[in-house]
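To start, the structure under review is shown below, and the notes come after it.
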Amino acid sequence: MRDHLAHTLLFPTVILSALMLTTPSVHAADKDGDFKPLLNGKGFSGWVFRNEAGKAAWKLVGDAKLDPSDEKKLISAGEGTTTLLRGAIDHGSDIYTKDEVGDVELMVDIMVPKGSNSGVYLMGEYEVQVFDSFGRDKVGPGDMGGIYSTQAPSENASKAPGEWQTMHVVFRAPRFDKDGKKTENARFVLVELNGKKIHANVEAPKPTGSELPGGEKAKGPLLLQGDHGIVAFRNLKWKPIAVK
């Protein structure tokens, strides 16, 4: 009886161990060497301003922090050009990459001041909301980490204004047949905010609003929203992947 019990307990353990070894992990690919940095510290050569009149809103700085005299603003801090800061200018501009990808894994650190609003658009079409949602008991699609106009995050994982927050996204582009007809919707395979999973396999049946013109397609740029509020980004990097 004891031997049979030991075998019964051991068998599931062996199966579980095998599964852990053979099941692919999103995090297993999370190595700096696999990603392409999108902020190279050499200016905006790889970027396009959606509205040239608003380009002065963006600056490359060493770091960012809350303005001690105004919690609704961010200011530059330190030397360098590794942080992208959208400053306190009334009419800014969205900014997007010249490069385009389909399926992609994205990592970025984000900072917002109190009450601010921005967004990260995969393919220039599908927005993960950036918002000061710190302390809210209930969150919706328009809160930090929400798939805008589509789905609320599973929990409020937001940090306080002025703190750096880390977002990790695994995204599957929409699929099209040879005639250009869409056969599968875009899908957020995974979204994590500050180490907490807030979305898994969320379909985006259409662009989420304020997207780039031209409609859905197989590849597109990364767009950072700059026509709304003050925001800073750093450690921005992506990696083209293949999601089945």
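Chain labels A, B, ... are given in the sequence in which chains occur in the structure tokens; within each chain residues are numbered consecutively from 1, and ligands are likewise numbered from 1 in the order shown.
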
Inset, instruction - Name the residues in contact with Gly80 (chain A) at a cut-off of 8 Å, using only C-alpha atoms, excluding same-chain residues fewer than 2 positions from it; report them as a PyMOL selection string. - result: chain A and resi 41+60-63+78+82-83

Those same residues - N, CA and C atoms - I'd like them written as a short mmCIF file (atom, residue, chain, number, x, y, z; two decimals), in the first residue's frame.
data_model
loop_
_atom_site.label_atom_id
_atom_site.label_comp_id
_atom_site.auth_asym_id
_atom_site.auth_seq_id
_atom_site.Cartn_x
_atom_site.Cartn_y
_atom_site.Cartn_z
N GLY A 41 19.32 57.12 -28.16
CA GLY A 41 20.08 58.24 -27.63
C GLY A 41 20.69 59.14 -28.68
N LEU A 60 14.52 64.30 -25.68
CA LEU A 60 15.30 63.19 -25.15
C LEU A 60 16.12 63.72 -23.99
N VAL A 61 15.96 63.10 -22.81
CA VAL A 61 16.61 63.55 -21.58
C VAL A 61 17.25 62.36 -20.87
N GLY A 62 17.98 62.66 -19.81
CA GLY A 62 18.63 61.59 -19.06
C GLY A 62 17.66 60.78 -18.21
N ASP A 63 16.71 61.45 -17.59
CA ASP A 63 15.73 60.80 -16.72
C ASP A 63 14.58 61.78 -16.54
N GLY A 78 18.97 64.63 -14.58
CA GLY A 78 20.19 63.91 -14.95
C GLY A 78 20.63 64.18 -16.37
N THR A 82 18.47 59.05 -22.89
CA THR A 82 17.87 57.71 -22.94
C THR A 82 16.40 57.68 -22.54
N THR A 83 15.85 58.83 -22.17
CA THR A 83 14.45 58.91 -21.75
C THR A 83 13.70 59.87 -22.67
#

Inset, instruction - Just the strand (DSSP E) stuff from region 1-241 of chain A, please, per backbone DSSP, written as a ChimeraX atom specification. - result: /A:36-37,47-49,58-61,64-67,70-76,83-86,95-97,104-111,117-122,126-131,165-172,175-176,182-184,186-193,196-204,223-224,231-240

Counting only C-alpha atoms, what are the residues of region 113-168 of chain A within 12 Å of region 93-96 of chain A, and for each of them which pair of atoms is the nearest and at what distance in Å, to one decimal? Sort the table by chain and rising number, as a Markdown table.
| residue | atom | partner | partner_atom | distance |
| --- | --- | --- | --- | --- |
| A:Ser118 | CA | A:Asp94 | CA | 9.4 |
| A:Gly119 | CA | A:Asp94 | CA | 9.5 |
| A:Val120 | CA | A:Tyr96 | CA | 9.8 |
| A:Tyr121 | CA | A:Tyr96 | CA | 8.9 |
| A:Leu122 | CA | A:Tyr96 | CA | 10.0 |
| A:Met123 | CA | A:Tyr96 | CA | 9.3 |
| A:Gly124 | CA | A:Tyr96 | CA | 7.4 |
| A:Glu125 | CA | A:Tyr96 | CA | 11.1 |

Inset, instruction - Would you work out the distance separating CA of Glu155 (chain A) from CA of Gln129 (chain A), expressed in Å to one decimal? - result: 13.8 Å

Excluding region 196-203 of chain A and any residue of its chain fewer than 2 positions from it, enumerate the residues within 7 Å of it, using only C-alpha atoms, and give them as a PDB file with all heavy atoms, in the first residue's frame.
ATOM      1  N   PRO A 153      -8.285  46.173 -17.475  1.00  0.00           N
ATOM      2  CA  PRO A 153      -7.292  45.282 -16.867  1.00  0.00           C
ATOM      3  C   PRO A 153      -7.935  44.448 -15.766  1.00  0.00           C
ATOM      4  O   PRO A 153      -8.923  44.874 -15.164  1.00  0.00           O
ATOM      5  CB  PRO A 153      -6.246  46.240 -16.310  1.00  0.00           C
ATOM      6  CG  PRO A 153      -6.971  47.529 -16.108  1.00  0.00           C
ATOM      7  CD  PRO A 153      -8.018  47.592 -17.174  1.00  0.00           C
ATOM      8  N   SER A 154      -7.391  43.282 -15.510  1.00  0.00           N
ATOM      9  CA  SER A 154      -7.974  42.380 -14.514  1.00  0.00           C
ATOM     10  C   SER A 154      -7.825  42.911 -13.096  1.00  0.00           C
ATOM     11  O   SER A 154      -8.557  42.487 -12.195  1.00  0.00           O
ATOM     12  CB  SER A 154      -7.328  40.995 -14.616  1.00  0.00           C
ATOM     13  OG  SER A 154      -5.926  41.081 -14.387  1.00  0.00           O
ATOM     14  N   GLU A 155      -6.875  43.816 -12.887  1.00  0.00           N
ATOM     15  CA  GLU A 155      -6.702  44.453 -11.587  1.00  0.00           C
ATOM     16  C   GLU A 155      -5.994  45.782 -11.776  1.00  0.00           C
ATOM     17  O   GLU A 155      -5.436  46.065 -12.844  1.00  0.00           O
ATOM     18  CB  GLU A 155      -5.901  43.567 -10.638  1.00  0.00           C
ATOM     19  CG  GLU A 155      -4.469  43.285 -11.080  1.00  0.00           C
ATOM     20  CD  GLU A 155      -3.706  42.473 -10.061  1.00  0.00           C
ATOM     21  OE1 GLU A 155      -3.416  43.013  -8.962  1.00  0.00           O
ATOM     22  OE2 GLU A 155      -3.401  41.301 -10.351  1.00  0.00           O
ATOM     23  N   ALA A 157      -2.948  47.573 -11.239  1.00  0.00           N
ATOM     24  CA  ALA A 157      -1.543  47.336 -10.897  1.00  0.00           C
ATOM     25  C   ALA A 157      -0.727  48.624 -10.954  1.00  0.00           C
ATOM     26  O   ALA A 157       0.506  48.580 -10.940  1.00  0.00           O
ATOM     27  CB  ALA A 157      -0.949  46.302 -11.852  1.00  0.00           C
ATOM     28  N   ASN A 185      -8.697  38.333 -35.916  1.00  0.00           N
ATOM     29  CA  ASN A 185      -8.490  39.617 -35.259  1.00  0.00           C
ATOM     30  C   ASN A 185      -7.107  39.711 -34.621  1.00  0.00           C
ATOM     31  O   ASN A 185      -6.480  38.695 -34.316  1.00  0.00           O
ATOM     32  CB  ASN A 185      -9.535  39.826 -34.156  1.00  0.00           C
ATOM     33  CG  ASN A 185     -10.921  40.052 -34.708  1.00  0.00           C
ATOM     34  OD1 ASN A 185     -11.090  40.652 -35.776  1.00  0.00           O
ATOM     35  ND2 ASN A 185     -11.931  39.595 -33.980  1.00  0.00           N
ATOM     36  N   ALA A 186      -6.674  40.937 -34.409  1.00  0.00           N
ATOM     37  CA  ALA A 186      -5.484  41.166 -33.591  1.00  0.00           C
ATOM     38  C   ALA A 186      -5.750  40.651 -32.176  1.00  0.00           C
ATOM     39  O   ALA A 186      -6.905  40.598 -31.729  1.00  0.00           O
ATOM     40  CB  ALA A 186      -5.151  42.647 -33.562  1.00  0.00           C
ATOM     41  N   ARG A 187      -4.668  40.283 -31.483  1.00  0.00           N
ATOM     42  CA  ARG A 187      -4.861  39.715 -30.147  1.00  0.00           C
ATOM     43  C   ARG A 187      -3.715  40.111 -29.227  1.00  0.00           C
ATOM     44  O   ARG A 187      -2.538  39.988 -29.585  1.00  0.00           O
ATOM     45  CB  ARG A 187      -4.970  38.196 -30.240  1.00  0.00           C
ATOM     46  CG  ARG A 187      -5.095  37.471 -28.916  1.00  0.00           C
ATOM     47  CD  ARG A 187      -5.706  36.084 -29.078  1.00  0.00           C
ATOM     48  NE  ARG A 187      -5.127  35.300 -30.133  1.00  0.00           N
ATOM     49  CZ  ARG A 187      -4.107  34.435 -29.968  1.00  0.00           C
ATOM     50  NH1 ARG A 187      -3.564  34.284 -28.776  1.00  0.00           N
ATOM     51  NH2 ARG A 187      -3.649  33.739 -30.990  1.00  0.00           N
ATOM     52  N   PHE A 188      -4.069  40.590 -28.040  1.00  0.00           N
ATOM     53  CA  PHE A 188      -3.080  40.815 -26.984  1.00  0.00           C
ATOM     54  C   PHE A 188      -2.912  39.491 -26.241  1.00  0.00           C
ATOM     55  O   PHE A 188      -3.741  39.121 -25.417  1.00  0.00           O
ATOM     56  CB  PHE A 188      -3.540  41.927 -26.051  1.00  0.00           C
ATOM     57  CG  PHE A 188      -3.454  43.292 -26.663  1.00  0.00           C
ATOM     58  CD1 PHE A 188      -4.514  43.818 -27.387  1.00  0.00           C
ATOM     59  CD2 PHE A 188      -2.296  44.058 -26.530  1.00  0.00           C
ATOM     60  CE1 PHE A 188      -4.440  45.076 -27.962  1.00  0.00           C
ATOM     61  CE2 PHE A 188      -2.208  45.316 -27.105  1.00  0.00           C
ATOM     62  CZ  PHE A 188      -3.282  45.827 -27.825  1.00  0.00           C
ATOM     63  N   VAL A 189      -1.856  38.775 -26.581  1.00  0.00           N
ATOM     64  CA  VAL A 189      -1.594  37.471 -25.973  1.00  0.00           C
ATOM     65  C   VAL A 189      -1.320  37.622 -24.481  1.00  0.00           C
ATOM     66  O   VAL A 189      -1.794  36.839 -23.655  1.00  0.00           O
ATOM     67  CB  VAL A 189      -0.411  36.789 -26.676  1.00  0.00           C
ATOM     68  CG1 VAL A 189      -0.079  35.449 -26.006  1.00  0.00           C
ATOM     69  CG2 VAL A 189      -0.705  36.599 -28.152  1.00  0.00           C
ATOM     70  N   LEU A 190      -0.586  38.669 -24.141  1.00  0.00           N
ATOM     71  CA  LEU A 190      -0.227  38.913 -22.749  1.00  0.00           C
ATOM     72  C   LEU A 190       0.055  40.394 -22.556  1.00  0.00           C
ATOM     73  O   LEU A 190       0.716  41.021 -23.376  1.00  0.00           O
ATOM     74  CB  LEU A 190       1.029  38.112 -22.375  1.00  0.00           C
ATOM     75  CG  LEU A 190       1.635  38.353 -20.987  1.00  0.00           C
ATOM     76  CD1 LEU A 190       0.721  37.784 -19.903  1.00  0.00           C
ATOM     77  CD2 LEU A 190       3.024  37.747 -20.883  1.00  0.00           C
ATOM     78  N   VAL A 191      -0.474  40.950 -21.474  1.00  0.00           N
ATOM     79  CA  VAL A 191      -0.073  42.280 -21.030  1.00  0.00           C
ATOM     80  C   VAL A 191       0.208  42.194 -19.537  1.00  0.00           C
ATOM     81  O   VAL A 191      -0.647  41.740 -18.765  1.00  0.00           O
ATOM     82  CB  VAL A 191      -1.145  43.353 -21.299  1.00  0.00           C
ATOM     83  CG1 VAL A 191      -0.655  44.714 -20.806  1.00  0.00           C
ATOM     84  CG2 VAL A 191      -1.499  43.425 -22.780  1.00  0.00           C
ATOM     85  N   GLU A 192       1.401  42.610 -19.143  1.00  0.00           N
ATOM     86  CA  GLU A 192       1.774  42.676 -17.732  1.00  0.00           C
ATOM     87  C   GLU A 192       2.099  44.125 -17.383  1.00  0.00           C
ATOM     88  O   GLU A 192       2.710  44.837 -18.182  1.00  0.00           O
ATOM     89  CB  GLU A 192       2.993  41.803 -17.449  1.00  0.00           C
ATOM     90  CG  GLU A 192       2.737  40.316 -17.603  1.00  0.00           C
ATOM     91  CD  GLU A 192       3.990  39.486 -17.366  1.00  0.00           C
ATOM     92  OE1 GLU A 192       5.073  39.913 -17.813  1.00  0.00           O
ATOM     93  OE2 GLU A 192       3.876  38.414 -16.746  1.00  0.00           O
ATOM     94  N   LEU A 193       1.690  44.521 -16.210  1.00  0.00           N
ATOM     95  CA  LEU A 193       2.008  45.845 -15.691  1.00  0.00           C
ATOM     96  C   LEU A 193       2.629  45.687 -14.317  1.00  0.00           C
ATOM     97  O   LEU A 193       2.006  45.103 -13.416  1.00  0.00           O
ATOM     98  CB  LEU A 193       0.751  46.718 -15.620  1.00  0.00           C
ATOM     99  CG  LEU A 193       0.949  48.135 -15.082  1.00  0.00           C
ATOM    100  CD1 LEU A 193       1.869  48.946 -15.997  1.00  0.00           C
ATOM    101  CD2 LEU A 193      -0.393  48.850 -14.906  1.00  0.00           C
ATOM    102  N   ASN A 194       3.847  46.159 -14.189  1.00  0.00           N
ATOM    103  CA  ASN A 194       4.569  46.083 -12.905  1.00  0.00           C
ATOM    104  C   ASN A 194       4.609  44.662 -12.364  1.00  0.00           C
ATOM    105  O   ASN A 194       4.441  44.411 -11.176  1.00  0.00           O
ATOM    106  CB  ASN A 194       3.940  47.039 -11.892  1.00  0.00           C
ATOM    107  CG  ASN A 194       3.987  48.481 -12.375  1.00  0.00           C
ATOM    108  OD1 ASN A 194       4.970  48.906 -12.964  1.00  0.00           O
ATOM    109  ND2 ASN A 194       2.915  49.220 -12.142  1.00  0.00           N
ATOM    110  N   PRO A 205     -11.115  43.402 -31.971  1.00  0.00           N
ATOM    111  CA  PRO A 205     -11.825  43.180 -33.233  1.00  0.00           C
ATOM    112  C   PRO A 205     -11.694  44.314 -34.231  1.00  0.00           C
ATOM    113  O   PRO A 205     -11.971  44.131 -35.416  1.00  0.00           O
ATOM    114  CB  PRO A 205     -13.281  43.010 -32.787  1.00  0.00           C
ATOM    115  CG  PRO A 205     -13.368  43.688 -31.465  1.00  0.00           C
ATOM    116  CD  PRO A 205     -12.027  43.516 -30.829  1.00  0.00           C
TER     117      PRO A 205
END

Legend entry - Residue set, region 2-244 of chain A restricted to helix (DSSP H, G or I), as a ChimeraX atom specification: /A:2-22,27-29,32-34,52-57

Inset, instruction - Would you mind listing what lies within 8 Å of Phe134 (chain A) as a list in words, with only C-alpha atoms counted and same-chain residues fewer than 3 positions away left out? - result: Asn156, Ser158, Lys159, Ala160 and Pro161 of chain A

Counting only C-alpha atoms, give me one row per residue of region 46-71 of chain A with an atom at most 10 Å from an atom of region 209-229 of chain A, showing the shortest contact pair and its distance in Å to one decimal, sorted by chain then residue number, as a tab-separated table.
residue	atom	partner	partner_atom	distance
A:Trp47	CA	A:Leu223	CA	9.3
A:Val48	CA	A:Leu223	CA	9.3
A:Phe49	CA	A:Gly226	CA	9.5
A:Arg50	CA	A:Leu212	CA	8.7
A:Asn51	CA	A:Asp227	CA	9.0
A:Gly54	CA	A:Asp227	CA	8.0
A:Lys55	CA	A:Gly226	CA	9.1
A:Ala57	CA	A:Gly226	CA	7.8
A:Trp58	CA	A:Gly226	CA	8.2

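Take the candidates A:Pro240, A:Gly135, A:Pro113, A:Gly140 and check each one against Val169 (chain A) using only C-alpha atoms; the shortest distance goes to A:Pro240.
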
Inset, instruction - Have a look at CA of Ser76 (chain A) and CA of Asn40 (chain A) and let me know their distance in Å, one decimal. - result: 17.5 Å

Inset, instruction - Please provide the set of residues having any atom within 8 Å of Glu184 (chain A), restricted to only C-alpha atoms, with same-chain residues fewer than 2 positions apart removed, written as a count of residues only. - result: 5

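The nearest approach to Lys114 (chain A) among the residues A:Ile230, A:Ala56, A:Ala152, A:Leu84, with only C-alpha atoms taken into account, belongs to A:Ile230.
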
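Among the candidates A:Met107, A:Thr150, A:Gly102, A:His168, the residue lying nearest to Leu236 (chain A) is A:Met107 (atoms considered: only C-alpha atoms).
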
Need the shell around Ile241 (chain A): protein/DNA/RNA residues with any atom at most 9 Å away, counting only C-alpha atoms. Skip same-chain ones fewer than 4 positions apart. Format as an mmCIF file with all heavy atoms, in the first residue's frame?
data_model
loop_
_atom_site.group_PDB
_atom_site.id
_atom_site.type_symbol
_atom_site.label_atom_id
_atom_site.label_comp_id
_atom_site.auth_asym_id
_atom_site.auth_seq_id
_atom_site.Cartn_x
_atom_site.Cartn_y
_atom_site.Cartn_z
ATOM 1 N N GLY A 102 4.794 42.919 -37.241
ATOM 2 C CA GLY A 102 3.520 42.257 -37.032
ATOM 3 C C GLY A 102 3.467 41.734 -35.602
ATOM 4 O O GLY A 102 3.318 42.497 -34.652
ATOM 5 N N ASP A 103 3.612 40.414 -35.438
ATOM 6 C CA ASP A 103 3.693 39.854 -34.089
ATOM 7 C C ASP A 103 4.929 40.423 -33.396
ATOM 8 O O ASP A 103 6.013 40.483 -33.986
ATOM 9 C CB ASP A 103 3.834 38.330 -34.145
ATOM 10 C CG ASP A 103 2.644 37.649 -34.802
ATOM 11 O OD1 ASP A 103 1.659 38.333 -35.137
ATOM 12 O OD2 ASP A 103 2.706 36.416 -34.994
ATOM 13 N N VAL A 104 4.755 40.825 -32.145
ATOM 14 C CA VAL A 104 5.867 41.505 -31.479
ATOM 15 C C VAL A 104 5.782 41.344 -29.973
ATOM 16 O O VAL A 104 4.696 41.174 -29.405
ATOM 17 C CB VAL A 104 5.860 43.014 -31.847
ATOM 18 C CG1 VAL A 104 4.659 43.728 -31.238
ATOM 19 C CG2 VAL A 104 7.153 43.710 -31.463
ATOM 20 N N GLU A 105 6.944 41.366 -29.343
ATOM 21 C CA GLU A 105 7.043 41.451 -27.885
ATOM 22 C C GLU A 105 7.636 42.813 -27.565
ATOM 23 O O GLU A 105 8.648 43.219 -28.158
ATOM 24 C CB GLU A 105 7.913 40.332 -27.335
ATOM 25 C CG GLU A 105 7.956 40.293 -25.811
ATOM 26 C CD GLU A 105 8.672 39.064 -25.261
ATOM 27 O OE1 GLU A 105 9.156 38.233 -26.048
ATOM 28 O OE2 GLU A 105 8.739 38.946 -24.019
ATOM 29 N N VAL A 170 2.880 41.072 -25.220
ATOM 30 C CA VAL A 170 3.060 40.119 -26.309
ATOM 31 C C VAL A 170 1.821 40.244 -27.199
ATOM 32 O O VAL A 170 0.695 40.056 -26.726
ATOM 33 C CB VAL A 170 3.223 38.673 -25.799
ATOM 34 C CG1 VAL A 170 3.352 37.707 -26.976
ATOM 35 C CG2 VAL A 170 4.445 38.565 -24.886
ATOM 36 N N PHE A 171 2.045 40.573 -28.463
ATOM 37 C CA PHE A 171 0.946 40.948 -29.355
ATOM 38 C C PHE A 171 0.973 40.111 -30.627
ATOM 39 O O PHE A 171 2.027 39.908 -31.230
ATOM 40 C CB PHE A 171 1.085 42.433 -29.706
ATOM 41 C CG PHE A 171 0.069 42.945 -30.672
ATOM 42 C CD1 PHE A 171 -1.198 43.310 -30.238
ATOM 43 C CD2 PHE A 171 0.378 43.064 -32.021
ATOM 44 C CE1 PHE A 171 -2.146 43.794 -31.138
ATOM 45 C CE2 PHE A 171 -0.550 43.546 -32.920
ATOM 46 C CZ PHE A 171 -1.816 43.911 -32.481
ATOM 47 N N ARG A 172 -0.198 39.655 -31.032
ATOM 48 C CA ARG A 172 -0.345 38.903 -32.287
ATOM 49 C C ARG A 172 -1.116 39.763 -33.280
ATOM 50 O O ARG A 172 -2.244 40.189 -33.016
ATOM 51 C CB ARG A 172 -1.088 37.593 -32.039
ATOM 52 C CG ARG A 172 -1.183 36.671 -33.264
ATOM 53 C CD ARG A 172 -1.930 35.413 -32.882
ATOM 54 N NE ARG A 172 -1.912 34.386 -33.913
ATOM 55 C CZ ARG A 172 -2.819 34.274 -34.894
ATOM 56 N NH1 ARG A 172 -3.825 35.137 -34.952
ATOM 57 N NH2 ARG A 172 -2.723 33.308 -35.785
#

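A straight line drawn from CA of Glu71 (chain A) to CA of Glu163 (chain A) is 11.8 Å long.
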